[in-house]
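What follows is the content of final-v1.tsv, which has TSV, C-alpha atoms and all ligand atoms:
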```tsv
chain	number	residue	atom	x	y	z
A	1	MET	CA	92.86	88.45	76.13
A	2	ASP	CA	92.08	84.81	76.87
A	3	VAL	CA	93.24	83.40	80.19
A	4	VAL	CA	93.59	79.60	80.38
A	5	GLY	CA	95.00	76.93	82.68
A	6	PHE	CA	98.77	76.84	83.18
A	7	PRO	CA	99.74	73.30	82.21
A	8	HIS	CA	103.21	73.28	83.80
A	9	GLN	CA	102.41	74.05	87.43
A	10	VAL	CA	104.34	71.55	89.53
A	11	GLY	CA	103.82	72.91	93.05
A	12	GLY	CA	101.86	75.42	95.09
A	13	HIS	CA	98.55	75.17	96.83
A	14	PHE	CA	96.66	77.64	94.68
A	15	GLY	CA	96.17	77.23	90.96
A	16	LEU	CA	97.99	79.45	88.49
A	17	LEU	CA	96.53	80.53	85.17
A	18	THR	CA	98.37	81.81	82.12
A	19	CYS	CA	98.05	84.56	79.55
A	20	ALA	CA	100.42	86.00	76.94
A	21	GLY	CA	103.77	84.84	78.31
A	22	HIS	CA	102.75	85.33	81.94
A	23	VAL	CA	101.58	83.16	84.78
A	24	CYS	CA	98.70	84.66	86.74
A	25	LYS	CA	99.02	83.85	90.46
A	26	PRO	CA	96.16	84.55	92.92
A	27	LEU	CA	96.96	87.92	94.48
A	28	ASN	CA	98.62	87.99	97.87
A	29	HIS	CA	99.25	91.54	99.07
A	30	ARG	CA	102.51	90.72	100.85
A	31	GLU	CA	103.89	88.99	97.78
A	32	PHE	CA	102.79	91.79	95.45
A	33	ALA	CA	104.44	94.36	97.74
A	34	PHE	CA	107.63	92.27	97.85
A	35	TYR	CA	107.77	92.09	94.04
A	36	SER	CA	106.93	95.79	93.67
A	37	GLN	CA	109.77	96.78	96.01
A	38	MET	CA	112.23	94.12	94.83
A	39	ASP	CA	115.81	94.86	95.84
A	40	PRO	CA	117.79	95.53	92.61
A	41	ARG	CA	120.49	93.08	93.77
A	42	LEU	CA	117.93	90.28	93.71
A	43	GLN	CA	116.26	91.20	90.42
A	44	PRO	CA	118.55	89.03	88.23
A	45	PHE	CA	117.53	86.00	90.31
A	46	THR	CA	113.77	86.53	90.34
A	47	VAL	CA	111.00	86.76	87.72
A	48	LYS	CA	109.60	90.05	86.45
A	49	CYS	CA	106.33	91.15	87.99
A	50	CYS	CA	104.18	92.89	85.37
A	51	GLY	CA	101.39	94.17	87.63
A	52	ARG	CA	97.99	92.94	88.77
A	53	ILE	CA	95.01	91.89	86.69
A	54	LYS	CA	91.36	91.22	87.29
A	55	VAL	CA	90.12	88.05	85.61
A	56	THR	CA	86.52	87.88	84.46
A	57	LEU	CA	84.74	84.62	83.83
A	58	SER	CA	81.78	83.72	81.68
A	59	MET	CA	80.00	80.43	81.18
A	60	CYS	CA	78.68	78.89	78.01
A	61	ALA	CA	75.14	77.82	78.94
A	62	GLU	CA	75.12	74.99	76.37
A	63	ASP	CA	78.05	72.87	77.53
A	64	GLY	CA	79.23	74.53	80.73
A	65	THR	CA	82.57	75.64	79.23
A	66	LEU	CA	84.12	78.43	81.26
A	67	ASN	CA	85.88	81.28	79.47
A	68	MET	CA	88.22	83.65	81.25
A	69	CYS	CA	89.71	86.89	80.05
A	70	ALA	CA	91.67	89.87	81.33
A	71	ASP	CA	93.44	93.02	80.14
A	72	VAL	CA	97.04	91.88	80.00
A	73	PRO	CA	99.96	94.06	78.88
A	74	GLU	CA	101.90	92.75	75.88
A	75	CYS	CA	105.26	92.93	77.62
A	76	HIS	CA	106.19	89.29	77.09
A	77	LYS	CA	106.17	86.97	74.14
A	78	GLN	CA	103.07	84.90	73.46
A	79	ALA	CA	103.56	81.62	75.24
A	80	SER	CA	103.96	78.50	73.17
A	81	THR	CA	103.13	76.42	76.25
A	82	LEU	CA	99.56	77.71	76.24
A	83	VAL	CA	99.09	74.79	73.98
A	84	ILE	CA	99.98	71.20	74.85
A	85	ASP	CA	99.91	68.92	71.85
A	86	GLY	CA	97.59	71.29	70.06
A	87	GLN	CA	95.17	71.68	72.97
A	88	ARG	CA	94.62	74.50	75.45
A	89	MET	CA	93.88	73.69	79.06
A	90	THR	CA	90.33	74.85	79.67
A	91	PHE	CA	87.68	74.36	82.35
A	92	ARG	CA	84.10	73.19	82.38
A	93	ILE	CA	81.45	73.10	85.05
A	94	LYS	CA	79.94	69.67	85.53
A	95	LYS	CA	76.29	68.99	86.34
A	96	CYS	CA	77.19	68.41	90.02
A	97	GLY	CA	78.58	71.97	90.16
A	98	LYS	CA	82.24	70.95	90.34
A	99	VAL	CA	84.73	72.58	88.00
A	100	GLU	CA	86.86	70.21	85.95
A	101	ALA	CA	90.02	70.89	83.96
A	102	GLU	CA	89.99	69.62	80.40
A	103	LYS	CA	92.96	68.46	78.34
A	104	ALA	CA	95.24	68.42	81.36
A	105	THR	CA	98.25	66.11	81.50
A	106	ASN	CA	99.55	67.34	84.86
A	107	ALA	CA	97.18	66.18	87.62
A	108	TRP	CA	98.57	68.65	90.16
A	109	ALA	CA	97.93	71.64	87.88
A	110	ALA	CA	94.44	70.36	87.03
A	111	GLN	CA	93.39	69.94	90.66
A	112	CYS	CA	94.73	73.24	92.02
A	113	GLN	CA	93.49	75.27	89.08
A	114	SER	CA	89.98	73.81	89.11
A	115	LYS	CA	89.68	75.10	92.68
A	116	VAL	CA	90.80	78.60	91.69
A	117	VAL	CA	88.33	78.65	88.78
A	118	GLU	CA	85.60	77.45	91.15
A	119	LYS	CA	86.35	80.45	93.38
A	120	LEU	CA	86.18	82.78	90.36
A	121	LEU	CA	82.84	81.26	89.46
A	122	LYS	CA	81.56	82.02	92.96
A	123	GLY	CA	82.56	85.62	92.39
A	124	TYR	CA	85.61	86.07	94.58
A	125	ASP	CA	89.44	86.00	94.31
A	126	LYS	CA	89.36	87.79	90.96
A	127	TRP	CA	92.73	89.49	91.32
A	128	PHE	CA	95.96	87.91	90.16
A	129	ILE	CA	99.62	88.92	90.09
A	130	LEU	CA	101.14	88.79	86.62
A	131	LEU	CA	104.56	87.19	86.56
A	132	GLU	CA	106.88	86.43	83.69
A	133	ASP	CA	106.39	82.75	82.74
A	134	ILE	CA	109.86	81.19	82.73
A	135	VAL	CA	108.81	78.19	80.62
A	136	SER	CA	106.82	80.05	77.97
A	137	ASN	CA	109.39	79.39	75.23
A	138	PHE	CA	109.87	75.74	76.04
A	139	LYS	CA	108.24	72.94	74.06
A	140	LYS	CA	108.51	70.30	76.79
A	141	PRO	CA	109.27	72.11	80.05
A	142	CYS	CA	111.12	70.06	82.66
A	143	VAL	CA	110.49	71.88	85.92
A	144	VAL	CA	111.47	71.38	89.54
A	145	ASP	CA	110.21	73.51	92.45
A	146	LEU	CA	112.57	73.39	95.44
A	147	LYS	CA	111.40	74.90	98.72
A	148	MET	CA	114.44	76.53	100.26
A	149	GLY	CA	115.49	77.08	103.85
A	150	GLN	CA	114.86	75.46	107.21
A	151	ARG	CA	111.95	77.65	108.30
A	152	GLN	CA	108.78	77.86	106.23
A	153	TYR	CA	106.53	80.24	108.17
A	154	GLY	CA	106.49	84.00	108.33
A	155	ASP	CA	106.10	85.93	111.57
A	156	GLU	CA	102.57	86.83	110.44
A	157	CYS	CA	101.43	83.16	110.46
A	158	SER	CA	99.19	81.70	113.17
A	159	PRO	CA	100.78	79.55	115.93
A	160	GLN	CA	99.13	76.47	114.37
A	161	LYS	CA	100.63	77.16	110.97
A	162	LYS	CA	104.04	77.73	112.58
A	163	LEU	CA	103.85	74.37	114.35
A	164	SER	CA	102.69	72.51	111.28
A	165	GLN	CA	105.36	74.08	109.08
A	166	ALA	CA	108.07	73.32	111.64
A	167	GLN	CA	106.95	69.71	111.70
A	168	LYS	CA	107.06	69.46	107.89
A	169	CYS	CA	110.64	70.73	107.98
A	170	ARG	CA	111.69	68.28	110.69
A	171	GLN	CA	110.15	65.36	108.84
A	172	SER	CA	111.59	66.18	105.43
A	173	THR	CA	114.96	67.06	103.90
A	174	SER	CA	114.36	70.75	104.79
A	175	ALA	CA	115.86	70.44	108.27
A	176	GLU	CA	119.05	68.64	107.30
A	177	MET	CA	119.63	69.99	103.79
A	178	GLY	CA	117.81	73.34	103.77
A	179	VAL	CA	115.88	72.23	100.68
A	180	ARG	CA	112.97	69.92	99.83
A	181	MET	CA	111.16	69.07	96.65
A	182	VAL	CA	107.63	70.41	96.28
A	183	GLY	CA	107.08	69.35	92.72
A	184	MET	CA	108.67	68.19	89.51
A	185	GLN	CA	107.75	67.32	85.97
A	186	LEU	CA	110.29	65.63	83.75
A	187	TYR	CA	109.89	64.82	80.06
A	188	ASP	CA	111.25	61.54	78.75
A	189	ARG	CA	112.15	61.81	75.08
A	190	ASN	CA	112.13	58.05	74.56
A	191	THR	CA	108.65	57.41	75.90
A	192	GLN	CA	107.45	60.95	75.03
A	193	GLN	CA	105.79	61.02	78.44
A	194	TYR	CA	106.06	63.23	81.48
A	195	SER	CA	106.72	61.88	84.95
A	196	PHE	CA	105.64	63.87	88.00
A	197	VAL	CA	106.51	64.32	91.66
A	198	ASN	CA	104.02	66.14	93.89
A	199	LYS	CA	104.54	67.89	97.22
A	200	TYR	CA	103.34	64.95	99.30
A	201	GLU	CA	105.90	62.71	97.63
A	202	GLY	CA	108.52	65.43	98.05
A	203	ARG	CA	107.86	65.68	101.78
A	204	ARG	CA	108.34	61.94	102.23
A	205	MET	CA	111.76	61.89	100.56
A	206	ASP	CA	114.82	61.34	102.66
A	207	LYS	CA	118.25	62.64	101.66
A	208	THR	CA	119.07	59.63	99.48
A	209	CYS	CA	115.76	59.71	97.69
A	210	PHE	CA	116.02	63.47	97.13
A	211	TYR	CA	119.48	62.93	95.69
A	212	GLU	CA	118.27	60.22	93.33
A	213	VAL	CA	115.37	62.27	91.99
A	214	ILE	CA	117.39	65.47	91.55
A	215	TYR	CA	120.19	63.41	89.98
A	216	LYS	CA	117.74	62.19	87.33
A	217	TYR	CA	116.52	65.73	86.71
A	218	PHE	CA	120.00	67.14	86.18
A	219	SER	CA	121.45	64.16	84.33
A	220	ASP	CA	118.62	64.47	81.77
A	221	ALA	CA	119.47	68.18	81.48
A	222	GLY	CA	122.93	67.36	80.09
A	223	LYS	CA	126.43	68.40	81.02
A	224	SER	CA	126.43	71.98	79.75
A	225	ARG	CA	123.22	72.85	81.58
A	226	GLN	CA	124.58	71.22	84.74
A	227	LYS	CA	127.58	73.54	84.59
A	228	VAL	CA	125.42	76.60	83.94
A	229	ALA	CA	123.15	75.66	86.87
A	230	LEU	CA	126.17	75.26	89.12
A	231	GLN	CA	127.48	78.67	88.08
A	232	LYS	CA	124.09	80.27	88.73
A	233	LEU	CA	123.92	78.67	92.16
A	234	TYR	CA	127.30	80.18	93.02
A	235	GLU	CA	126.09	83.60	91.82
A	236	LEU	CA	122.90	83.30	93.88
A	237	ARG	CA	124.95	82.19	96.88
A	238	ASP	CA	127.15	85.25	96.51
A	239	ALA	CA	124.14	87.61	96.29
A	240	LEU	CA	122.33	86.06	99.26
A	241	SER	CA	125.43	86.04	101.44
A	242	LYS	CA	125.36	89.85	101.13
A	243	ALA	CA	121.59	90.15	101.66
A	244	GLU	CA	121.70	91.29	105.30
A	245	GLY	CA	118.34	91.04	107.10
A	246	PHE	CA	116.54	89.21	104.28
A	247	ARG	CA	114.48	86.10	105.07
A	248	PHE	CA	112.84	84.03	102.34
A	249	PHE	CA	110.53	81.89	104.46
A	250	SER	CA	108.65	79.32	102.38
A	251	SER	CA	110.07	80.62	99.13
A	252	SER	CA	111.24	78.39	96.27
A	253	LEU	CA	113.91	78.07	93.69
A	254	LEU	CA	112.24	77.20	90.40
A	255	ILE	CA	114.49	75.44	87.88
A	256	ALA	CA	113.44	74.73	84.29
A	257	TYR	CA	114.82	73.57	80.95
A	258	ASP	CA	113.37	72.40	77.67
A	259	GLY	CA	113.27	68.62	77.45
A	260	ALA	CA	112.77	68.81	73.68
A	261	ASP	CA	115.36	71.43	72.69
A	262	ASP	CA	118.95	71.23	73.93
A	263	ASN	CA	119.69	74.73	72.67
A	264	GLU	CA	117.37	76.34	75.20
A	265	PRO	CA	119.22	77.34	78.37
A	266	ILE	CA	118.46	76.19	81.91
A	267	VAL	CA	116.70	78.82	84.00
A	268	LEU	CA	116.91	79.26	87.80
A	269	ARG	CA	114.66	81.78	89.52
A	270	MET	CA	113.58	82.60	93.06
A	271	ILE	CA	109.76	82.60	93.34
A	272	ASP	CA	107.00	82.63	95.96
A	273	PHE	CA	107.59	85.59	98.27
A	274	ALA	CA	104.35	85.66	100.29
A	275	HIS	CA	106.31	85.09	103.53
A	276	SER	CA	109.57	86.82	102.60
A	277	THR	CA	110.80	89.89	104.40
A	278	TYR	CA	113.70	92.30	104.91
A	279	ASN	CA	114.41	95.07	107.32
A	280	GLY	CA	111.99	97.93	106.63
A	281	PHE	CA	109.49	95.78	104.69
A	282	LEU	CA	105.93	96.54	105.84
A	283	ASN	CA	105.81	96.42	109.64
A	284	ASP	CA	107.69	93.13	109.81
A	285	ASN	CA	110.09	91.99	112.51
A	286	GLU	CA	113.72	92.83	111.82
A	287	TYR	CA	116.45	90.21	111.41
A	288	THR	CA	120.20	90.39	111.61
A	289	GLY	CA	122.60	88.46	109.40
A	290	THR	CA	121.80	86.41	106.33
A	291	ASP	CA	119.21	83.71	105.63
A	292	ASP	CA	121.44	80.81	106.64
A	293	GLY	CA	118.75	78.18	106.03
A	294	TYR	CA	118.48	79.28	102.40
A	295	LEU	CA	122.27	79.33	102.08
A	296	LEU	CA	122.41	75.78	103.47
A	297	GLY	CA	119.93	74.73	100.78
A	298	ILE	CA	122.08	76.31	98.07
A	299	ASP	CA	125.16	74.58	99.47
A	300	SER	CA	123.36	71.22	99.41
A	301	LEU	CA	122.44	71.77	95.76
A	302	ILE	CA	125.99	72.89	94.94
A	303	THR	CA	127.37	69.71	96.53
A	304	ILE	CA	124.97	67.50	94.59
A	305	LEU	CA	125.59	69.26	91.27
A	306	THR	CA	129.34	69.25	91.80
A	307	ASN	CA	129.15	65.47	92.31
A	308	ILE	CA	127.07	65.06	89.17
A	309	VAL	CA	129.44	67.20	87.09
A	310	SER	CA	132.65	65.70	88.56
A	311	TYR	CA	131.59	62.05	88.64
A	312	PRO	CA	129.11	61.64	85.78
A	313	ASN	CA	129.49	57.87	85.82
A	314	MET	CA	128.78	57.40	89.51
A	315	GLY	CA	125.05	57.14	88.92
A	316	PRO	CA	122.53	58.30	91.49
A	317	LYS	CA	124.59	57.36	94.54
A	318	LEU	CA	125.54	59.60	97.41
A	319	LEU	CA	129.27	60.12	97.60
A	320	GLU	CA	129.32	59.01	101.20
A	321	SER	CA	130.10	55.73	102.89
A	322	PRO	CA	127.01	53.50	103.28
A	323	SER	CA	127.12	53.93	107.05
A	324	LYS	CA	126.64	57.68	106.65
A	325	ARG	CA	123.70	57.24	104.32
A	326	SER	CA	120.31	57.89	105.79
A	327	LEU	CA	117.78	55.11	105.90
A	328	LYS	CA	116.45	54.72	102.41
A	329	ARG	CA	112.81	55.49	101.90
A	330	PRO	CA	111.90	54.68	98.32
A	331	HIS	CA	110.21	57.34	96.22
A	332	THR	CA	106.56	56.54	96.96
A	333	ARG	CA	104.09	57.32	94.22
A	334	ILE	CA	100.71	58.93	94.96
A	335	ASP	CA	98.05	58.55	92.30
A	336	ASP	CA	95.68	61.23	90.95
A	337	GLU	CA	92.72	60.08	93.03
A	338	GLU	CA	94.77	60.32	96.19
A	339	ILE	CA	95.99	63.81	95.23
A	340	GLU	CA	92.36	64.92	94.96
A	341	LYS	CA	91.57	63.52	98.41
A	342	LEU	CA	94.65	65.04	99.99
A	343	LEU	CA	93.98	68.43	98.45
A	344	ALA	CA	90.34	68.32	99.52
A	345	SER	CA	91.26	67.46	103.11
A	346	GLU	CA	93.89	70.21	103.10
A	347	GLU	CA	91.29	72.66	101.85
A	348	ASN	CA	88.89	71.63	104.63
A	349	VAL	CA	91.52	72.04	107.31
A	350	LEU	CA	92.44	75.46	105.93
A	351	ILE	CA	88.80	76.54	106.01
A	352	GLU	CA	88.48	75.18	109.55
A	353	LEU	CA	91.60	77.06	110.57
A	354	GLU	CA	90.26	80.29	109.13
A	355	GLU	CA	86.94	79.83	110.87
A	356	THR	CA	88.33	78.85	114.26
A	357	SER	CA	89.89	81.45	116.48
A	358	GLU	CA	93.58	80.89	117.04
A	359	GLU	CA	93.29	80.48	120.81
A	360	SER	CA	90.68	77.76	120.64
A	361	LEU	CA	92.77	75.51	118.44
A	362	GLU	CA	94.63	72.84	120.27
A	363	CYS	CA	97.77	71.05	119.26
A	364	SER	CA	95.75	67.98	118.26
A	365	ASN	CA	94.60	69.88	115.18
A	366	VAL	CA	98.18	70.26	114.13
A	367	SER	CA	98.70	66.54	113.88
A	368	LEU	CA	95.56	66.45	111.76
A	369	ILE	CA	97.16	68.92	109.36
A	370	GLU	CA	100.21	66.70	109.19
A	371	GLU	CA	98.24	63.63	108.18
A	372	PHE	CA	98.74	64.33	104.49
B	401	LIG	N1	107.12	82.67	87.04
B	401	LIG	C1	106.78	81.40	86.86
B	401	LIG	N2	107.01	80.77	85.68
B	401	LIG	C2	106.65	79.48	85.49
B	401	LIG	N3	106.06	78.72	86.42
B	401	LIG	C3	105.79	79.29	87.61
B	401	LIG	C4	106.15	80.64	87.91
B	401	LIG	N4	105.75	80.93	89.18
B	401	LIG	C5	105.20	79.81	89.66
B	401	LIG	N5	105.21	78.82	88.73
B	401	LIG	C6	104.66	77.47	88.89
B	401	LIG	O1	103.60	77.50	89.83
B	401	LIG	C7	103.89	76.71	90.98
B	401	LIG	C8	103.37	77.38	92.24
B	401	LIG	O2	103.89	78.68	92.35
B	401	LIG	P1	104.14	79.34	93.78
B	401	LIG	O3	104.50	80.77	93.53
B	401	LIG	O4	105.15	78.54	94.52
B	401	LIG	O5	102.72	79.22	94.45
B	401	LIG	P2	102.30	78.98	96.00
B	401	LIG	O6	102.43	80.30	96.70
B	401	LIG	O7	100.88	78.50	95.93
B	401	LIG	O8	103.25	77.94	96.59
B	401	LIG	C9	105.38	76.47	90.93
B	401	LIG	O9	105.72	75.24	91.51
B	401	LIG	C10	105.67	76.49	89.43
B	401	LIG	O10	105.42	75.23	88.84
B	402	MG	MG	105.24	77.66	96.41
```

Would you put the structure from the file into structure tokens?
Amino acid sequence: MDVVGFPHQVGGHFGLLTCAGHVCKPLNHREFAFYSQMDPRLQPFTVKCCGRIKVTLSMCAEDGTLNMCADVPECHKQASTLVIDGQRMTFRIKKCGKVEAEKATNAWAAQCQSKVVEKLLKGYDKWFILLEDIVSNFKKPCVVDLKMGQRQYGDECSPQKKLSQAQKCRQSTSAEMGVRMVGMQLYDRNTQQYSFVNKYEGRRMDKTCFYEVIYKYFSDAGKSRQKVALQKLYELRDALSKAEGFRFFSSSLLIAYDGADDNEPIVLRMIDFAHSTYNGFLNDNEYTGTDDGYLLGIDSLITILTNIVSYPNMGPKLLESPSKRSLKRPHTRIDDEEIEKLLASEENVLIELEETSEESLECSNVSLIEEF
């Protein structure tokens, strides 16, 4: 079966591909183990994992078009979102050797996925986890990826990664609200255009800015979806407040609805479990109590959604006195060229980190990682 680019990827460092109602995420053994041993109490809040696949790639010598395929089970419906405005997102190798995404509207997806295809071309990272694609039935998916919790590193991470992740939390809404935006795409029916937020923009948001952007996302979703989302957040809160010993470090809540069809429901799912753990999982450290950082994030979202539902005419204002409002940092836009530069520098730092032994790295490198 053909594997192509996933046009609706709003966050993540590594590119996701898509095939037959699934997203194909580069295999991480921890994450695959977590999905394979998913606690039944969490299953209603996560996506189905349908196994692992090996993707093979071939190149058309004439025009450099890259074709990918894999044996994929037919457990989910064929995705309508494989096609955007009649075009599939494909890849081509340019004369300079760089892989380029074609027919991409979402710059983030195009950049991350070109890198993954480049790795495939070099002959490594062929394995992917197959996950149910939660937007496969949507015509114009409106998606937001919210990184939950106040701690974003697992115990298995290097000291440098721990420091850099802690700094990202302190400098973003993660520390105060237990949630930050790592990506969003929103479809505007009037202009028939998407608008995007990437992770760099998400990290720079303060509480007010986060509120304004999430307000826009949910107000476009409409009242009935707002109420359903609120209900689902309460259900998730209830489940996680009983999940003793679980920690969902660096994991996200992915929310999606169809911007072109009001009859399609809003979907909320926990994703991204590469650094999640629970007592008895692999040889991980054990924790007592619940993941309070994640619960704080849910509470922040519940407060915001309750305000939106209860005071629909308030507009995107925080229901606090101006003195309590944090200093406003406007939502700063980052253009496609800058995304490419930021991703490239991130890639270089990651390679450097892998190549350098942990002991020899000094704290100065950490501030380098934080530059973007
Ligand atoms: N099951 C899914 N259905 C639809 N989109 C998904 C799904 N899983 C991930 N995505 C998309 O891919 C992005 C990155 O996924 P994620 O698992 O967070 O990767 P990473 O580990 O690189 O952060 C998400 O922001 C979302 O847009
Ligand atoms: Mg992620």

With all atoms listed in the file as the basis for distance, which of A:Gln37, A:Ser276, A:Ser174, A:Asn263 is at the shortest distance from ligand LIG 401 (chain B)? A:Ser276

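With distances taken over all atoms listed in the file, A:Thr18 is the one residue among A:Thr46, A:Thr18, A:Ser58, A:Asn285 lying closest to Phe128 in chain A.
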
Between A:Leu42, A:His8, A:Asp155, A:Val3, which residue has the minimum interatomic distance to Ala70 in chain A, considering only C-alpha atoms? A:Val3

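Put simply, CA of Val55 in chain A is 11.2 Å away from CA of Leu27 in chain A.
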
Check which residues fall inside 6 Å of ligand LIG 401 (chain B) when counting all atoms listed in the file, and print them as an NGL selection string. :A and (8-14 or 23 or 47 or 131-135 or 145 or 271-272)

When the cut-off is 12 Å and you count all atoms listed in the file, which residues lie near ligand MG 402 (chain B), shown as a PyMOL selection string? chain A and resi 9-16+25-26+31+144-148+152+180-183+198-199+248-254+270-276

How big is the axis-aligned box around the listed atoms of range 180-192 of chain A once 3 Å is added on each side, and where is its centre? Give both in Å to one decimal, as JSON.
```
{"center_x": 110.0, "center_y": 63.9, "center_z": 87.2, "size_x": 11.9, "size_y": 19.0, "size_z": 31.3}
```

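One finds CA of Leu121 in chain A at 28.3 Å from CA of Lys48 in chain A.
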
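Proximity of A:His29, A:Lys161, A:Lys119, A:Arg189 to Leu57 in chain A, computed with only C-alpha atoms, is greatest for A:Lys119.
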
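With only the atoms specified (all atoms listed in the file) counting, those residues at most 8 Å away from (114.1, 62.7, 102.6) are Gln171, Ser172, Thr173, Arg180, Gly202, Arg203, Arg204, Met205, Asp206, Lys207, Thr208, Cys209, Phe210 and Arg329 of chain A.
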
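Checking A:Ala260, A:Tyr278, A:Leu233, A:Ser310 one by one against Gln192 in chain A, counting only C-alpha atoms, you find the shortest gap at A:Ala260.
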